[in-house]
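Trainee: My questions all concern the structure below.
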Amino acid sequence: MMHSINGYMYGNQPGLDMCKGDSIRWHLLGLGSEVDMHGIHFTGNTIRLHDTTRDVASLFPHISYSVIMTPDNEGVFNVECMTTDHYTGGMRQRYRVQSCGKQESSKGFFYTQTYYIAAEEVEWDYSPNRTWEHERHVHSEERLRDPQSRALLTRLAESG
Ligand SMILES: [Cu+2]
């Protein structure tokens, strides 16, 4: 079985070049099925996730999130899945860190973003078009007929 990152395998993905001290966001998105559980390992530099410093990020199908890397080691390193048959099946790439003659950033992405969220009750009609029920002979009309009250989460404002 073959496994890839962005459709590339065995280190053939171009463009993973960065400068030492840059703030890099790695966007991780898992696809596939229950066999596609990944432990994404970054060699050479650490990542920040949930206020922790680590070198591995767990990735499950249909889950996405981003991690931040501020590389402080120059060289060529691996980003690779630690699941054995994924690694041997090609799920690894190389990224390159160069000095680029830049001064290291002391701030990076390490700041707190505050979101304010409110719950607002709204009428929510789960099934405005009911033709599908008759086609499938579903007898749950009473349950779905009336719009239901549900909480709608709304992002009110953000500050940084
Ligand atoms: Cu994997």
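Here, A, B, ... name the chains of the structure tokens in the order displayed, residue numbers run from 1 inside each chain, and ligands are numbered from 1 in the same displayed order.
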Residues of chain A within 12 Å of ligand 1: nearest atom pair and distance (Å, one decimal) for each, counting only C-alpha atoms and all ligand atoms, sorted by chain and number, as JSON lines?

Mentor:
```
{"residue": "A:Met1", "atom": "CA", "partner": "ligand 1", "partner_atom_place_in_ligand_line": "1 (Cu)", "distance": 11.5}
{"residue": "A:Met2", "atom": "CA", "partner": "ligand 1", "partner_atom_place_in_ligand_line": "1 (Cu)", "distance": 10.4}
{"residue": "A:His3", "atom": "CA", "partner": "ligand 1", "partner_atom_place_in_ligand_line": "1 (Cu)", "distance": 7.3}
{"residue": "A:Ser4", "atom": "CA", "partner": "ligand 1", "partner_atom_place_in_ligand_line": "1 (Cu)", "distance": 8.5}
{"residue": "A:Ile5", "atom": "CA", "partner": "ligand 1", "partner_atom_place_in_ligand_line": "1 (Cu)", "distance": 9.1}
{"residue": "A:Met9", "atom": "CA", "partner": "ligand 1", "partner_atom_place_in_ligand_line": "1 (Cu)", "distance": 11.9}
{"residue": "A:Leu28", "atom": "CA", "partner": "ligand 1", "partner_atom_place_in_ligand_line": "1 (Cu)", "distance": 11.9}
{"residue": "A:Leu29", "atom": "CA", "partner": "ligand 1", "partner_atom_place_in_ligand_line": "1 (Cu)", "distance": 11.6}
{"residue": "A:Gly30", "atom": "CA", "partner": "ligand 1", "partner_atom_place_in_ligand_line": "1 (Cu)", "distance": 9.1}
{"residue": "A:Leu31", "atom": "CA", "partner": "ligand 1", "partner_atom_place_in_ligand_line": "1 (Cu)", "distance": 10.2}
{"residue": "A:Gly32", "atom": "CA", "partner": "ligand 1", "partner_atom_place_in_ligand_line": "1 (Cu)", "distance": 10.4}
{"residue": "A:Ser33", "atom": "CA", "partner": "ligand 1", "partner_atom_place_in_ligand_line": "1 (Cu)", "distance": 11.3}
{"residue": "A:Glu34", "atom": "CA", "partner": "ligand 1", "partner_atom_place_in_ligand_line": "1 (Cu)", "distance": 11.0}
{"residue": "A:Val35", "atom": "CA", "partner": "ligand 1", "partner_atom_place_in_ligand_line": "1 (Cu)", "distance": 8.4}
{"residue": "A:Asp36", "atom": "CA", "partner": "ligand 1", "partner_atom_place_in_ligand_line": "1 (Cu)", "distance": 5.9}
{"residue": "A:Met37", "atom": "CA", "partner": "ligand 1", "partner_atom_place_in_ligand_line": "1 (Cu)", "distance": 5.6}
{"residue": "A:His38", "atom": "CA", "partner": "ligand 1", "partner_atom_place_in_ligand_line": "1 (Cu)", "distance": 3.6}
{"residue": "A:Gly39", "atom": "CA", "partner": "ligand 1", "partner_atom_place_in_ligand_line": "1 (Cu)", "distance": 6.1}
{"residue": "A:Ile40", "atom": "CA", "partner": "ligand 1", "partner_atom_place_in_ligand_line": "1 (Cu)", "distance": 7.1}
{"residue": "A:His41", "atom": "CA", "partner": "ligand 1", "partner_atom_place_in_ligand_line": "1 (Cu)", "distance": 9.9}
{"residue": "A:Val56", "atom": "CA", "partner": "ligand 1", "partner_atom_place_in_ligand_line": "1 (Cu)", "distance": 11.8}
{"residue": "A:Ala57", "atom": "CA", "partner": "ligand 1", "partner_atom_place_in_ligand_line": "1 (Cu)", "distance": 10.9}
{"residue": "A:Ser58", "atom": "CA", "partner": "ligand 1", "partner_atom_place_in_ligand_line": "1 (Cu)", "distance": 9.3}
{"residue": "A:Leu59", "atom": "CA", "partner": "ligand 1", "partner_atom_place_in_ligand_line": "1 (Cu)", "distance": 8.0}
{"residue": "A:Phe60", "atom": "CA", "partner": "ligand 1", "partner_atom_place_in_ligand_line": "1 (Cu)", "distance": 8.9}
{"residue": "A:Pro61", "atom": "CA", "partner": "ligand 1", "partner_atom_place_in_ligand_line": "1 (Cu)", "distance": 10.2}
{"residue": "A:Val79", "atom": "CA", "partner": "ligand 1", "partner_atom_place_in_ligand_line": "1 (Cu)", "distance": 11.1}
{"residue": "A:Glu80", "atom": "CA", "partner": "ligand 1", "partner_atom_place_in_ligand_line": "1 (Cu)", "distance": 7.9}
{"residue": "A:Cys81", "atom": "CA", "partner": "ligand 1", "partner_atom_place_in_ligand_line": "1 (Cu)", "distance": 4.5}
{"residue": "A:Met82", "atom": "CA", "partner": "ligand 1", "partner_atom_place_in_ligand_line": "1 (Cu)", "distance": 6.4}
{"residue": "A:Thr83", "atom": "CA", "partner": "ligand 1", "partner_atom_place_in_ligand_line": "1 (Cu)", "distance": 5.0}
{"residue": "A:Thr84", "atom": "CA", "partner": "ligand 1", "partner_atom_place_in_ligand_line": "1 (Cu)", "distance": 7.8}
{"residue": "A:Asp85", "atom": "CA", "partner": "ligand 1", "partner_atom_place_in_ligand_line": "1 (Cu)", "distance": 7.7}
{"residue": "A:His86", "atom": "CA", "partner": "ligand 1", "partner_atom_place_in_ligand_line": "1 (Cu)", "distance": 4.7}
{"residue": "A:Tyr87", "atom": "CA", "partner": "ligand 1", "partner_atom_place_in_ligand_line": "1 (Cu)", "distance": 6.8}
{"residue": "A:Thr88", "atom": "CA", "partner": "ligand 1", "partner_atom_place_in_ligand_line": "1 (Cu)", "distance": 9.9}
{"residue": "A:Gly89", "atom": "CA", "partner": "ligand 1", "partner_atom_place_in_ligand_line": "1 (Cu)", "distance": 9.2}
{"residue": "A:Gly90", "atom": "CA", "partner": "ligand 1", "partner_atom_place_in_ligand_line": "1 (Cu)", "distance": 9.5}
{"residue": "A:Met91", "atom": "CA", "partner": "ligand 1", "partner_atom_place_in_ligand_line": "1 (Cu)", "distance": 6.6}
{"residue": "A:Arg92", "atom": "CA", "partner": "ligand 1", "partner_atom_place_in_ligand_line": "1 (Cu)", "distance": 9.1}
```

Trainee: If we count only C-alpha atoms, what is near segment 22-26 of chain A at a cut-off of 6 Å, once residues fewer than 6 positions away on the same chain are taken out, given as a ChimeraX atom specification?

Mentor: /A:66-70,108

Trainee: Using DSSP on the backbone, list every residue of segment 34-127 of chain A that comes out as strand (DSSP E), and give them as a PyMOL selection string.

Mentor: chain A and resi 38-42+47-49+52-54+56-59+64-69+75-81+92-98+114-124

Trainee: When you look at Asp55 of chain A with a cut-off of 6 Å (counting only C-alpha atoms), what residues show up, excluding the ones that are within fewer than 3 positions of it in the same chain? I need them as a list in words.

Mentor: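 The residues that qualify are His41, Phe42, Thr46 and Ile47 of chain A.
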
Trainee: I need the residue nearest Asn12 of chain A from this list: A:Tyr65, A:Trp124, A:Tyr116, A:Tyr95. Use only C-alpha atoms for the distance.

Mentor: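 Ranked by minimum distance to Asn12 of chain A, first place goes to A:Tyr95.
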
Trainee: Quick one: distance from atom CA of Lys20 of chain A to atom CA of His50 of chain A in Å, one decimal?

Mentor: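 Atom-to-atom, atom CA of Lys20 of chain A to atom CA of His50 of chain A, that is 22.3 Å.
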
Trainee: Please compute the atom CA of Thr52 of chain A-atom CA of His27 of chain A distance, one decimal, in Å.

Mentor: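 Interatomic distance here is 16.9 Å.
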
Trainee: Any idea what's packed within 12 Å of Pro14 of chain A, counting only C-alpha atoms, ignoring anything in its chain fewer than 6 positions away? Could you give it as an mmCIF file with C-alpha atoms, in the first residue's frame?

Mentor:
```
data_model
loop_
_atom_site.group_PDB
_atom_site.id
_atom_site.type_symbol
_atom_site.label_atom_id
_atom_site.label_comp_id
_atom_site.auth_asym_id
_atom_site.auth_seq_id
_atom_site.Cartn_x
_atom_site.Cartn_y
_atom_site.Cartn_z
ATOM 1 C CA ILE A 5 1.650 13.699 1.638
ATOM 2 C CA ASN A 6 -0.016 16.107 -0.777
ATOM 3 C CA GLY A 7 0.187 13.337 -3.380
ATOM 4 C CA TYR A 8 3.984 13.207 -3.108
ATOM 5 C CA GLN A 93 8.823 14.498 2.819
ATOM 6 C CA ARG A 94 11.843 16.708 3.310
ATOM 7 C CA TYR A 95 11.827 20.346 4.304
ATOM 8 C CA ARG A 96 14.802 22.669 4.128
#
```

Trainee: So which residues touch Cys19 of chain A within 7 Å, counting only C-alpha atoms, skipping near sequence neighbours fewer than 2 positions away, as a list in words?

Mentor: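 What passes the distance filter is Gly21, Asp22, Val97, Gln98, Ser99 and Cys100 of chain A.
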
Trainee: So the first atom is atom CA of Asn45 of chain A and the second is atom CA of Asp72 of chain A; what is the distance between them in Å, to one decimal place?

Mentor: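 Calculated distance between atom CA of Asn45 of chain A and atom CA of Asp72 of chain A is 6.7 Å.
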